[in-house]
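Next up, final18.txt (compact mmCIF, C-alpha atoms):
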# COMPACT_ATOMS: atom_id res chain seq x y z
CA MET A 161 -48.96 -9.94 -8.76
CA ASN A 162 -47.76 -13.23 -7.23
CA SER A 163 -45.12 -13.57 -9.95
CA ALA A 164 -43.83 -10.09 -9.28
CA TRP A 165 -43.58 -10.72 -5.53
CA ARG A 166 -41.78 -14.01 -6.18
CA VAL A 167 -39.20 -12.26 -8.36
CA LEU A 168 -38.70 -9.56 -5.74
CA SER A 169 -38.29 -12.08 -2.93
CA VAL A 170 -35.85 -14.21 -4.96
CA ALA A 171 -33.73 -11.19 -5.83
CA LEU A 172 -33.76 -10.07 -2.23
CA MET A 173 -32.66 -13.47 -0.95
CA MET A 174 -29.77 -13.49 -3.39
CA ILE A 175 -28.39 -10.06 -2.75
CA LEU A 176 -28.54 -10.46 1.01
CA ALA A 177 -25.99 -13.23 0.61
CA VAL A 178 -23.34 -10.89 -0.84
CA PRO A 179 -21.94 -9.36 2.35
CA HIS A 180 -21.81 -12.43 4.57
CA MET A 181 -18.06 -12.37 4.16
CA ALA A 182 -17.24 -10.41 7.29
CA LYS A 183 -19.63 -11.33 10.02
CA ALA A 184 -17.90 -13.79 12.33
CA GLU A 185 -14.73 -15.06 13.94
CA GLY A 186 -14.73 -17.65 11.12
CA PHE A 187 -13.95 -14.94 8.55
CA ALA A 188 -11.06 -13.33 10.39
CA MET A 189 -7.70 -14.90 9.60
CA SER A 190 -4.45 -14.65 11.57
CA GLU A 191 -2.46 -17.41 9.85
CA TRP A 192 -0.07 -14.91 8.27
CA SER A 193 3.09 -17.05 8.49
CA ALA A 194 4.02 -20.58 9.48
CA ARG A 195 5.81 -19.36 12.59
CA GLY A 196 2.86 -17.15 13.50
CA LEU A 197 0.46 -20.08 13.01
CA SER A 198 2.54 -22.41 15.20
CA LEU A 199 2.61 -19.74 17.92
CA ALA A 200 -1.20 -19.20 17.79
CA GLY A 201 -0.58 -15.66 16.54
CA GLY A 202 2.00 -14.98 19.25
CA LEU A 203 4.16 -12.55 17.25
CA VAL A 204 2.70 -9.28 18.51
CA GLY A 205 5.15 -9.12 21.41
CA ARG A 206 7.97 -11.07 19.76
CA ALA A 207 7.68 -9.40 16.30
CA ASP A 208 11.19 -10.46 15.31
CA ASP A 209 10.88 -11.91 11.80
CA PRO A 210 9.60 -10.41 8.50
CA SER A 211 5.99 -11.48 9.18
CA ALA A 212 5.98 -8.76 11.85
CA VAL A 213 4.76 -6.59 8.95
CA ALA A 214 1.40 -8.35 9.51
CA TYR A 215 1.50 -9.09 13.25
CA ASN A 216 3.24 -5.96 14.60
CA PRO A 217 5.04 -3.69 12.08
CA ALA A 218 6.81 -1.74 14.82
CA GLY A 219 8.85 -4.85 15.56
CA ILE A 220 10.71 -4.80 12.24
CA THR A 221 13.25 -2.43 13.88
CA GLN A 222 14.70 -5.64 15.37
CA LEU A 223 15.63 -6.93 11.90
CA GLU A 224 19.05 -6.10 10.48
CA GLY A 225 19.69 -5.40 6.80
CA THR A 226 17.21 -6.79 4.29
CA GLN A 227 15.05 -9.85 4.92
CA ILE A 228 12.40 -11.61 2.88
CA MET A 229 9.82 -14.29 3.72
CA VAL A 230 7.55 -16.20 1.33
CA GLY A 231 5.09 -18.98 2.04
CA GLY A 232 1.54 -20.21 2.13
CA ALA A 233 -1.01 -22.35 3.92
CA ILE A 234 -3.56 -25.06 3.19
CA VAL A 235 -6.87 -24.55 5.00
CA ALA A 236 -9.22 -27.56 5.10
CA PRO A 237 -12.60 -27.11 6.87
CA PHE A 238 -14.98 -30.01 7.54
CA GLY A 239 -18.25 -30.47 9.39
CA THR A 240 -21.74 -31.93 9.59
CA MET A 241 -25.06 -30.09 9.49
CA ARG A 242 -28.15 -31.48 11.22
CA CYS A 243 -31.35 -30.16 9.60
CA ASP A 244 -34.64 -30.60 11.48
CA PHE A 245 -37.94 -30.21 9.60
CA ASP A 246 -41.39 -29.34 10.94
CA ASN A 247 -42.69 -32.79 10.01
CA GLY A 248 -40.27 -34.37 12.49
CA THR A 249 -37.72 -35.69 10.01
CA THR A 250 -33.99 -35.06 10.36
CA HIS A 251 -31.41 -34.78 7.61
CA TYR A 252 -27.63 -34.90 8.05
CA MET A 253 -25.19 -33.47 5.51
CA GLN A 254 -21.41 -33.38 5.59
CA THR A 255 -19.53 -30.59 3.88
CA LYS A 256 -17.66 -31.45 0.71
CA PRO A 257 -13.87 -31.87 1.04
CA GLN A 258 -12.39 -28.52 0.09
CA THR A 259 -9.12 -26.66 0.60
CA TRP A 260 -8.03 -23.03 0.38
CA THR A 261 -4.47 -21.82 -0.11
CA PRO A 262 -3.78 -18.30 1.22
CA VAL A 263 -0.24 -17.09 0.50
CA HIS A 264 2.04 -14.57 2.21
CA MET A 265 5.13 -12.55 1.32
CA TYR A 266 7.06 -10.00 3.39
CA LEU A 267 10.07 -7.77 2.73
CA THR A 268 11.83 -5.61 5.31
CA HIS A 269 14.76 -3.22 4.84
CA GLN A 270 16.79 -1.15 7.27
CA LEU A 271 17.07 2.38 5.86
CA SER A 272 19.16 3.83 8.69
CA ASP A 273 19.95 3.34 12.36
CA SER A 274 16.45 4.55 13.26
CA LEU A 275 14.22 3.95 10.22
CA TRP A 276 12.93 0.72 8.64
CA ALA A 277 10.57 0.01 5.72
CA GLY A 278 8.47 -3.07 5.14
CA PHE A 279 5.96 -4.47 2.69
CA GLY A 280 3.59 -7.40 3.08
CA VAL A 281 1.05 -9.36 1.04
CA TYR A 282 -1.29 -11.65 3.02
CA SER A 283 -4.95 -12.58 3.61
CA ARG A 284 -6.91 -11.04 6.49
CA PHE A 285 -10.34 -12.51 5.72
CA GLY A 286 -11.45 -15.69 3.99
CA VAL A 287 -13.89 -18.58 3.99
CA GLY A 288 -14.79 -21.60 1.91
CA VAL A 289 -17.50 -24.24 2.41
CA SER A 290 -19.44 -26.44 0.01
CA TYR A 291 -22.45 -28.79 0.26
CA ASN A 292 -24.25 -31.02 -2.24
CA GLY A 293 -26.59 -29.04 -4.49
CA ASP A 294 -29.65 -31.02 -3.35
CA TRP A 295 -29.06 -30.82 0.40
CA ALA A 296 -31.70 -29.64 2.89
CA GLY A 297 -30.20 -26.19 3.33
CA ARG A 298 -29.82 -25.44 -0.38
CA TYR A 299 -32.29 -22.52 -0.26
CA ASN A 300 -29.87 -20.74 2.07
CA MET A 301 -26.70 -21.78 0.21
CA TYR A 302 -24.83 -24.80 -1.12
CA ASP A 303 -21.45 -23.29 -2.06
CA VAL A 304 -19.48 -20.23 -1.04
CA GLY A 305 -15.95 -18.95 -1.39
CA LEU A 306 -14.44 -15.68 -0.20
CA GLN A 307 -10.80 -14.85 -0.86
CA THR A 308 -9.07 -11.62 0.09
CA ILE A 309 -5.53 -10.33 -0.35
CA SER A 310 -4.06 -7.29 1.38
CA ALA A 311 -1.02 -5.25 0.32
CA THR A 312 0.54 -3.38 3.25
CA PRO A 313 3.49 -0.94 3.09
CA VAL A 314 4.80 0.17 6.51
CA LEU A 315 7.40 2.49 8.03
CA ALA A 316 8.87 1.86 11.48
CA TYR A 317 10.84 4.34 13.58
CA LYS A 318 13.12 3.43 16.47
CA VAL A 319 12.47 6.18 19.00
CA ASN A 320 15.13 4.98 21.46
CA ASP A 321 16.75 1.76 22.63
CA TRP A 322 13.49 0.31 23.97
CA LEU A 323 10.60 1.86 21.99
CA SER A 324 9.64 1.59 18.30
CA LEU A 325 6.59 3.00 16.51
CA SER A 326 5.14 2.31 13.06
CA VAL A 327 2.46 3.43 10.64
CA GLY A 328 1.21 1.67 7.52
CA ALA A 329 -1.45 1.59 4.83
CA GLU A 330 -3.57 -1.32 3.60
CA LEU A 331 -5.25 -2.01 0.26
CA LEU A 332 -7.55 -5.05 0.35
CA TYR A 333 -9.00 -6.87 -2.68
CA ALA A 334 -11.90 -9.30 -2.20
CA HIS A 335 -13.55 -11.86 -4.50
CA LEU A 336 -16.77 -13.65 -3.54
CA TYR A 337 -18.70 -16.54 -5.08
CA GLU A 338 -21.93 -18.01 -3.71
CA GLY A 339 -24.43 -20.52 -5.06
CA LYS A 340 -27.89 -21.39 -3.80
CA LYS A 341 -31.16 -22.92 -4.99
CA VAL A 342 -34.45 -21.09 -5.47
CA ASN A 343 -37.72 -22.90 -4.74
CA MET A 344 -39.86 -22.55 -7.86
CA GLY A 345 -42.93 -24.33 -6.51
CA THR A 346 -44.30 -26.84 -9.04
CA PHE A 347 -41.15 -26.41 -11.09
CA SER A 348 -37.82 -27.88 -10.04
CA ASP A 349 -35.38 -25.79 -8.01
CA MET A 350 -33.59 -23.09 -9.97
CA ASP A 351 -29.86 -22.58 -9.56
CA ALA A 352 -28.80 -19.03 -8.69
CA GLN A 353 -25.27 -17.69 -8.29
CA ILE A 354 -23.53 -14.53 -7.16
CA GLU A 355 -20.03 -13.46 -8.09
CA GLY A 356 -18.54 -10.13 -7.07
CA GLN A 357 -15.34 -8.31 -6.25
CA GLY A 358 -14.30 -5.11 -4.55
CA LEU A 359 -11.61 -2.97 -2.92
CA ALA A 360 -11.15 -1.46 0.53
CA GLY A 361 -8.51 0.79 2.06
CA GLY A 362 -7.30 1.31 5.62
CA PHE A 363 -4.32 1.96 7.87
CA ASN A 364 -2.49 0.52 10.88
CA ILE A 365 -0.45 1.95 13.72
CA ALA A 366 1.69 -0.05 16.13
CA ALA A 367 4.16 0.11 18.99
CA HIS A 368 6.79 -2.32 20.22
CA ALA A 369 8.57 -1.95 23.55
CA LYS A 370 11.60 -4.00 24.56
CA PHE A 371 12.02 -3.13 28.21
CA ASN A 372 15.07 -5.38 28.75
CA ASP A 373 16.49 -8.69 27.55
CA GLN A 374 13.60 -10.57 29.19
CA TRP A 375 10.43 -8.49 28.75
CA SER A 376 8.80 -6.98 25.68
CA ALA A 377 5.29 -5.96 24.62
CA GLY A 378 3.39 -5.01 21.48
CA LEU A 379 0.27 -2.99 20.63
CA VAL A 380 -1.33 -2.91 17.16
CA TYR A 381 -4.41 -1.12 15.83
CA LYS A 382 -5.85 -1.98 12.40
CA SER A 383 -8.50 0.40 11.12
CA GLN A 384 -12.03 -0.25 9.98
CA MET A 385 -12.39 -0.53 6.19
CA THR A 386 -15.34 0.01 3.85
CA LEU A 387 -15.50 -2.70 1.20
CA ASN A 388 -17.44 -1.73 -1.92
CA MET A 389 -18.55 -4.83 -3.85
CA ALA A 390 -19.86 -5.03 -7.42
CA GLY A 391 -20.85 -8.08 -9.41
CA GLU A 392 -23.60 -10.12 -11.00
CA MET A 393 -26.54 -12.27 -9.95
CA LYS A 394 -27.19 -15.15 -12.39
CA PHE A 395 -30.08 -17.60 -12.70
CA ASP A 396 -30.07 -20.93 -14.54
CA LYS A 397 -30.85 -19.95 -18.15
CA ASN A 398 -31.82 -23.55 -19.04
CA HIS A 399 -34.47 -23.89 -16.34
CA ALA A 400 -37.93 -25.10 -17.45
CA ILE A 401 -39.56 -21.86 -16.38
CA HIS A 402 -37.88 -20.07 -19.29
CA SER A 403 -39.61 -22.29 -21.88
CA ASN A 404 -43.09 -22.21 -20.35
CA PRO A 405 -45.37 -19.58 -21.99
CA TYR A 406 -47.41 -19.19 -18.79
CA THR A 407 -44.34 -18.05 -16.82
CA ALA A 408 -42.91 -15.68 -19.41
CA SER A 409 -43.15 -12.66 -17.11
CA VAL A 410 -41.18 -14.40 -14.38
CA SER A 411 -38.65 -15.74 -16.90
CA LYS A 412 -38.06 -12.29 -18.34
CA GLN A 413 -37.14 -10.89 -14.97
CA MET A 414 -35.00 -13.82 -13.74
CA GLN A 415 -32.04 -12.94 -15.92
CA THR A 416 -28.46 -11.86 -15.20
CA SER A 417 -28.51 -8.75 -13.00
CA ASP A 418 -25.85 -6.29 -11.88
CA LEU A 419 -25.58 -5.68 -8.15
CA ASP A 420 -23.49 -3.70 -5.71
CA GLY A 421 -23.17 -3.51 -1.96
CA THR A 422 -21.15 -2.10 0.90
CA VAL A 423 -19.64 -3.94 3.87
CA GLN A 424 -17.90 -2.50 6.92
CA LEU A 425 -14.87 -4.64 7.74
CA PRO A 426 -14.13 -4.24 11.47
CA ASP A 427 -11.20 -2.58 13.16
CA SER A 428 -9.11 -4.49 15.70
CA LEU A 429 -6.74 -3.92 18.58
CA ALA A 430 -4.06 -6.46 19.57
CA PHE A 431 -1.92 -6.47 22.71
CA ALA A 432 0.66 -9.00 23.91
CA VAL A 433 3.45 -9.42 26.46
CA THR A 434 6.51 -11.62 25.87
CA TYR A 435 8.76 -13.11 28.55
CA LYS A 436 12.16 -14.51 27.56
CA PRO A 437 13.87 -16.07 30.60
CA THR A 438 16.81 -17.33 28.51
CA ASP A 439 18.21 -16.73 25.05
CA THR A 440 16.60 -19.96 23.82
CA LEU A 441 13.16 -19.88 25.51
CA SER A 442 10.26 -17.43 25.25
CA PHE A 443 6.60 -17.23 26.27
CA GLU A 444 3.88 -14.89 25.01
CA VAL A 445 0.32 -14.18 26.08
CA GLY A 446 -1.92 -11.84 24.15
CA THR A 447 -5.40 -10.80 23.16
CA VAL A 448 -7.07 -9.38 20.05
CA TRP A 449 -10.31 -7.39 20.22
CA THR A 450 -12.24 -7.13 16.96
CA ARG A 451 -15.18 -4.73 16.68
CA TRP A 452 -17.59 -6.94 14.73
CA SER A 453 -20.48 -4.85 16.10
CA THR A 454 -19.75 -2.38 13.28
CA TYR A 455 -21.17 -5.02 10.95
CA ASP A 456 -24.79 -4.38 11.92
CA HIS A 457 -26.50 -3.81 8.56
CA LEU A 458 -25.87 -3.62 4.82
CA ASN A 459 -26.88 -1.40 1.91
CA ILE A 460 -27.46 -3.57 -1.16
CA TYR A 461 -28.72 -2.61 -4.62
CA VAL A 462 -29.80 -4.72 -7.60
CA ASP A 463 -30.19 -2.96 -10.96
CA LYS A 464 -32.63 -5.53 -12.31
CA PRO A 465 -35.01 -7.39 -12.32
CA ALA A 466 -36.08 -4.72 -9.85
CA ASN A 467 -34.44 -1.82 -8.08
CA ILE A 468 -34.16 -3.00 -4.48
CA HIS A 469 -32.69 -1.21 -1.49
CA SER A 470 -32.23 -3.47 1.51
CA LYS A 471 -30.94 -3.05 5.05
CA ASN A 472 -30.11 -6.49 6.38
CA ARG A 473 -29.44 -6.52 10.12
CA LYS A 474 -26.82 -8.93 11.50
CA ASN A 475 -26.51 -7.72 15.10
CA CYS A 476 -22.99 -9.12 15.60
CA ALA A 477 -21.13 -8.84 18.90
CA ASP A 478 -17.53 -7.75 19.36
CA GLY A 479 -15.10 -10.67 19.43
CA TRP A 480 -12.08 -11.55 21.57
CA ASN A 481 -9.12 -13.80 20.87
CA PHE A 482 -6.99 -14.96 23.82
CA ASN A 483 -3.72 -16.70 22.94
CA ALA A 484 -0.64 -18.18 24.62
CA SER A 485 2.50 -19.70 23.12
CA VAL A 486 5.96 -21.04 23.83
CA GLU A 487 9.08 -21.18 21.64
CA TRP A 488 12.24 -23.16 22.43
CA LYS A 489 15.43 -23.11 20.38
CA THR A 490 16.74 -26.59 21.13
CA THR A 491 19.87 -26.37 18.94
CA ASP A 492 21.47 -23.94 16.52
CA TRP A 493 19.46 -25.51 13.69
CA LEU A 494 16.12 -26.41 15.33
CA THR A 495 13.39 -24.42 17.11
CA LEU A 496 10.21 -25.99 18.49
CA ARG A 497 6.93 -24.10 18.99
CA GLY A 498 3.44 -24.57 20.33
CA GLY A 499 0.40 -22.54 21.26
CA ALA A 500 -3.34 -22.33 21.87
CA TYR A 501 -6.09 -19.76 21.48
CA ILE A 502 -9.76 -19.25 22.25
CA GLU A 503 -12.10 -17.03 20.21
CA THR A 504 -15.45 -15.86 21.55
CA PRO A 505 -18.62 -16.16 19.41
CA VAL A 506 -19.84 -13.07 17.60
CA VAL A 507 -22.76 -14.37 15.48
CA ASP A 508 -26.28 -13.68 16.71
CA GLU A 509 -28.00 -17.05 16.29
CA LYS A 510 -31.20 -15.24 15.29
CA TYR A 511 -29.44 -14.43 11.99
CA ALA A 512 -27.23 -17.55 11.63
CA ASP A 513 -26.85 -19.22 8.24
CA PHE A 514 -24.86 -22.13 6.79
CA MET A 515 -21.97 -20.08 5.44
CA ILE A 516 -19.91 -20.38 8.61
CA PRO A 517 -21.19 -23.01 11.09
CA SER A 518 -19.23 -21.44 13.94
CA HIS A 519 -20.14 -20.12 17.38
CA GLY A 520 -16.66 -19.51 18.74
CA ARG A 521 -13.64 -21.74 18.31
CA THR A 522 -10.52 -23.10 20.02
CA GLY A 523 -7.20 -23.72 18.26
CA LEU A 524 -4.21 -25.89 19.14
CA THR A 525 -1.01 -25.21 17.20
CA ALA A 526 2.48 -26.65 16.80
CA GLY A 527 5.47 -26.23 14.54
CA ALA A 528 9.20 -26.12 14.04
CA GLY A 529 11.84 -23.88 12.50
CA PHE A 530 14.91 -25.23 10.70
CA HIS A 531 17.91 -22.90 10.38
CA TRP A 532 20.93 -23.11 8.14
CA GLY A 533 23.08 -20.13 7.27
CA ASP A 534 20.91 -17.19 6.21
CA PHE A 535 17.88 -19.43 5.56
CA THR A 536 15.05 -20.49 7.88
CA LEU A 537 12.29 -22.93 6.97
CA ASP A 538 9.23 -22.83 9.22
CA LEU A 539 6.56 -25.55 9.25
CA ALA A 540 3.30 -25.42 11.20
CA TYR A 541 0.03 -27.23 11.88
CA ALA A 542 -3.16 -26.05 13.60
CA HIS A 543 -6.35 -27.88 14.54
CA LEU A 544 -9.44 -25.74 15.15
CA PHE A 545 -12.37 -27.02 17.21
CA ILE A 546 -15.49 -25.09 16.19
CA ASN A 547 -18.38 -24.70 18.63
CA GLN A 548 -21.88 -25.82 17.70
CA LEU A 549 -24.15 -23.22 16.06
CA ASP A 550 -27.94 -23.52 16.51
CA TYR A 551 -30.38 -22.68 13.70
CA ASP A 552 -33.75 -23.31 15.38
CA ASP A 553 -34.50 -19.60 15.87
CA SER A 554 -32.67 -18.29 12.80
CA ARG A 555 -34.43 -15.69 10.66
CA ALA A 556 -31.96 -16.08 7.79
CA GLU A 557 -33.38 -16.33 4.28
CA GLY A 558 -33.91 -19.94 3.22
CA LEU A 559 -34.04 -21.17 6.83
CA HIS A 560 -36.83 -19.32 8.63
CA GLY A 561 -39.95 -21.52 8.63
CA VAL A 562 -38.18 -24.15 6.51
CA VAL A 563 -35.49 -25.90 8.50
CA GLY A 564 -33.81 -25.77 11.91
CA GLY A 565 -31.06 -27.85 13.51
CA HIS A 566 -27.43 -27.26 14.39
CA SER A 567 -23.84 -27.85 13.29
CA GLU A 568 -21.92 -30.87 14.54
CA ASP A 569 -18.26 -31.96 14.66
CA CYS A 570 -17.00 -28.93 12.73
CA VAL A 571 -13.22 -28.68 12.56
CA THR A 572 -10.56 -27.03 10.43
CA ASN A 573 -7.03 -28.28 9.77
CA ILE A 574 -4.38 -25.78 8.66
CA TYR A 575 -0.90 -26.59 7.31
CA SER A 576 1.64 -23.87 6.58
CA ALA A 577 5.23 -23.36 5.42
CA SER A 578 7.40 -20.23 5.19
CA LEU A 579 10.94 -19.67 3.93
CA THR A 580 13.00 -16.71 5.17
CA TYR A 581 16.25 -15.35 3.74
CA ARG A 582 18.47 -12.71 5.34
CA PHE A 583 20.59 -10.77 2.86
Structure encoded using structure tokens:
Amino acid sequence: MNSAWRVLSVALMMILAVPHMAKAEGFAMSEWSARGLSLAGGLVGRADDPSAVAYNPAGITQLEGTQIMVGGAIVAPFGTMRCDFDNGTTHYMQTKPQTWTPVHMYLTHQLSDSLWAGFGVYSRFGVGVSYNGDWAGRYNMYDVGLQTISATPVLAYKVNDWLSLSVGAELLYAHLYEGKKVNMGTFSDMDAQIEGQGLAGGFNIAAHAKFNDQWSAGLVYKSQMTLNMAGEMKFDKNHAIHSNPYTASVSKQMQTSDLDGTVQLPDSLAFAVTYKPTDTLSFEVGTVWTRWSTYDHLNIYVDKPANIHSKNRKNCADGWNFNASVEWKTTDWLTLRGGAYIETPVVDEKYADFMIPSHGRTGLTAGAGFHWGDFTLDLAYAHLFINQLDYDDSRAEGLHGVVGGHSEDCVTNIYSASLTYRF
């Protein structure tokens, strides 16, 4: 009986890790172009380059002819975890150096005086963090990587001289990997891994208003999406438990297992106002509301070693992003940019884990654009200060009753470059 319960609890701990990908401000990405990064996402009201396909598709009516943008970013998170044990000892662990490289590509084309088409490929969600395999929080996780890519075709219609509207579709592909250790009692820890992938579909609608040469505004809604994940749960096939005749029943059940799950990716609403006092200077302030409260529980199934149906409550709060930016075209060939944003925490610390040690964050951004002929090269840098997350009251698997503590000195550096060509 004890062996059976151990197998069930191990399987449950593993499958509950699958949908962590979309629970916090740390999973939502807005670094969809180098210019957008340097402006702290301030392209909802401006929306005047090809990356408007991601930030505000209605704005592509400002783009003449055919334009294309390609680029990417390097995302490098780093932090320290403080783990407090019941016996009074404390253990510190720094995350392993790791980088992620989301890419982006946009194409816009003017079909007529009133109709534009656009297509974009970019990442809306993503995370990556890694710890040593023997660290104190290994029973929760020691390695995780989530990468997503969205393909978005859009149509924009210029209603009149000041108002444009757009509608678009989105197809999102996600790939997840996670590794953790399983406490096998008198035996050494067993390595366990999850790998899965899935698809989700959604839509977006947007508006862009250019009231005069100085004032403009943007409004963008991106729909909720249901992500269906399928994959495998794997245990270490060389572990000692598999060669011990007294644990044969446990060994038989701790084999590769198929699993599937469903995650609700949240909808969002963005609004921004842009003020352009001169032809060379502009300011934008904006906000993005993301309905993370839709991510309240999961339905997860494992085919074997046992059929398990689990509802895992996360109790997330809705999140807000507040951003401000400035852009100054100093010469015909150089534009300077800067911005800042604040994101409110959405994770309920009662369910916090080590996947994203974030309880809200603040970003400072800067960049430059270099223009020659029909080409523009944009470069950008962002530094994210991530607020401390407390684990003392967490009920997450692998933490509750085992270890408490908090995150310390967590930051993320992001570098990005984009190249635009106007045909």
Task: Gap from atom CA of A:Glu191 to atom CA of A:Leu325 - Å, one decimal - done: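 Between these atoms lies a distance of 23.3 Å.
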Please enclose the listed atoms of stretch 239-248 of chain A in an axis-aligned box, pad each side by 6 Å, and write out the centre and the three edge lengths in Å, rounded to one decimal, as JSON.
{"center_x": -30.5, "center_y": -31.9, "center_z": 10.9, "size_x": 36.4, "size_y": 17.0, "size_z": 15.1}
TODO: Skip stretch 204-213 of chain A itself and residues of its chain fewer than 3 positions away, then list as a VMD selection string all residues within 8 Å of it, counting all atoms listed in the file.
DONE: chain A and resid 192 to 193 196 201 216 to 220 222 to 223 227 to 229 265 to 268 278 to 280 312 314 368 376 to 380 430 to 434 444 446 580
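From atom CA of A:Ile546 back to atom CA of A:Asp513, the distance works out to 15.1 Å.
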- [ ] Identify, on the basis of all atoms listed in the file, every residue whose closest approach to A:Phe285 does not exceed 6 Å; exclude the query and any residue fewer than 6 positions from it along the same chain; express the result as a ChimeraX atom specification.
- [x] /A:187-189,308
TODO: Select, from A:Lys341, A:Lys394, A:Ala329, A:Ile309, the residue with the minimum atom-to-atom distance to A:Gln357, counting only C-alpha atoms.
DONE: A:Ile309
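Considering the residues A:Tyr541, A:Ala400, A:Thr490, A:Glu509 and counting only C-alpha atoms, A:Val235 has its shortest atom-to-atom contact with A:Tyr541.
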Task: Point-to-point distance in Å for atom CA of A:Arg242 and atom CA of A:Gly288 - done: 19.0 Å
Open item on the list: List the spatial neighbours of stretch 519-523 of chain A as an MDAnalysis selection string - criterion: any atom at most 12 Å away, all atoms listed in the file, same-chain residues fewer than 4 positions off excluded.
Closed with: chainID A and resid 183:188 190:191 197:201 476:485 498:509 512:514 541:551 566:574
TODO: Find the residues around A:Thr221 up to 8 Å (all atoms listed in the file counted), leave out those fewer than 4 positions away in its own chain, and share them as a list in words.
DONE: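 With the cut-off at 8 Å, the set is Gln270, Ser274, Leu275, Trp276, Ala316, Tyr317, Lys318 and Ser324 of chain A.
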TODO: Measuring atom to atom with all atoms listed in the file, identify which of A:Ser411, A:Gln424, A:Thr454, A:Ser310 is nearest to A:Met344.
DONE: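 Going through A:Ser411, A:Gln424, A:Thr454, A:Ser310 one by one, the smallest distance to A:Met344 is for A:Ser411.
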Open item on the list: Could you check which residues have any atom within 12 Å of (-29.9, -20.1, -20.8), counting all atoms listed in the file with coordinates taken straight from the file, and then list them as a VMD selection string?
Closed with: chain A and resid 350 to 351 394 to 403 411 to 412 414 to 416
Open item on the list: Report as a ChimeraX atom specification all protein, DNA and RNA residues lying within 10 Å of A:Thr261, evaluated on only C-alpha atoms, omitting residues in the same chain fewer than 5 positions from it.
Closed with: /A:232-236,283,307,574-576
TODO: Could you check which of A:Ser383, A:Trp452, A:Ile516, A:Leu537 is closest to A:Val304, using only C-alpha atoms?
DONE: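 The closest residue to A:Val304 is A:Ile516.
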